[in-house]
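What follows is one structure encoded as structure tokens, with my remarks underneath.
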Amino acid sequence: MAVLVSEHVEAVVMNMYKICCMVVQIVVIVCMLPYKIISSILFPNAPKTFSSVFITGASSGIGAELAKQYASKGVRLTLTARRVDKLSEVKSQCEALGAIVHTVALDVMDKDAMRKAVCEADDKHPLDLVIANAGVAATTLVQKNDKVLSDVSSMVTEVNVIGVCNTFGPALEKMQLRKRGQLVINASFSGLIGVSGDPLWFAYFSSKIWACTYGMGLRSILKLQNIGVTVLCPGFIKTELVADFDKVDHGFSKFHAADCAAAVKQMRDGIANDVGVVHVNGGMLGWLFAGAFGYNLIPSFLWNEIAPSADSSRH
């Protein structure tokens, strides 16, 4: 009996602590708004432009739209994906917009192939923007394998976590030598809101929580090396991934999915301005979570002074 009471008290205290943290976060964000507005006027930052872009998972959805929106005369695009036919279609569309496009058919889980693709692209023209966009959800894989808690969840974790590391590893080495560049992780709004107990979603949510934490941490580590890191946290966007949600009859059709082109335009604006976390179609709740204790509201010149830093000798 005493143990049960103790556990209940502990749970109540923990919940009260979480509520207090949320209240403090909201207050800090609201108080920072005037400062953010004034600082953006006094210390304006020119948006970044990119001439050499590397994108994984570029055959459809957000990846394909990012490729098309970055495509312009003189811009070099290196696009990777597993589906060669769809990747070829995206290549033709980007070339029609004036871009110089090179495509590589590969799986982000192939570490050696990823390193080769990144290094070859960088050798031809130094990469100034690398986007780790490739990712999967159980709703896509479960149509081919019904072992959700074992095989499927493992595949989701490997692609969404190890795939990002395989993409960023060789790119980071090149950018650190030049002390410039921009890294982008396509995470998810689910990475900001917490854990799901649904067997179809727990691995996806967990992988996106990791992506958000990894991106924020990497941003703090690389800030003094003039390398930016942006974490994209889209809500429901009209892509093949969202279409797969309805195929497994999971009730997602009731959610409003944003237009992909408009959503990617917002992402591009965030990347150009080196925003830490960019949320799209996440509502007011998403805006509060993306604040991450003022993470997006603190101007870059001040954030570089107060953000935690790693020992530079270990970089």
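We name chains A, B, ... following the order of the structure tokens; residues begin at 1 in each chain, and ligands are numbered from 1 as shown.
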
Which of segment 158-231 of chain A fall in helix (DSSP H, G or I), as a ChimeraX atom specification = /A:158-178,190-193,202-225

Residue set, segment 172-238 of chain A restricted to strand (DSSP E), as a ChimeraX atom specification = /A:181-186,227-234

Based on the selection just made, write C-alpha atoms of those residues as a CSV table (one decimal), in the first residue's frame.
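The new file result_10.csv reads:
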```
chain,number,residue,atom,x,y,z
A,181,GLY,CA,27.5,25.1,-45.2
A,182,GLN,CA,23.9,24.2,-44.2
A,183,LEU,CA,22.6,20.8,-43.0
A,184,VAL,CA,18.9,20.1,-43.0
A,185,ILE,CA,17.0,17.2,-41.4
A,186,ASN,CA,13.4,16.4,-42.5
A,227,ILE,CA,27.7,25.7,-40.3
A,228,GLY,CA,23.9,26.0,-40.0
A,229,VAL,CA,21.6,23.2,-39.1
A,230,THR,CA,17.8,23.3,-39.7
A,231,VAL,CA,15.3,20.8,-38.5
A,232,LEU,CA,12.1,20.6,-40.6
A,233,CYS,CA,9.0,19.5,-38.6
A,234,PRO,CA,6.1,19.3,-41.1
```

Which residue of A:Ala171, A:Ala46, A:Val12, A:Met114 approaches Asp269 of chain A most closely, using only C-alpha atoms | A:Ala46

Between atom CA of Ala203 of chain A and atom CA of Asp85 of chain A - distance in Å to one decimal =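 Atom-to-atom, atom CA of Asp85 of chain A and atom CA of Ala203 of chain A are spaced 28.9 Å apart.
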
Surrounding residues of Lys124 of chain A excluding itself and chain neighbours under 5 positions, 10 Å, only C-alpha atoms, as a list in words =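 Contacts, in chain order: Ser52, Arg76 and Cys119 of chain A.
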
What is the atom CA of Lys208 of chain A-atom CA of Phe189 of chain A distance in Å, reported with one decimal?
-> 8.2 Å
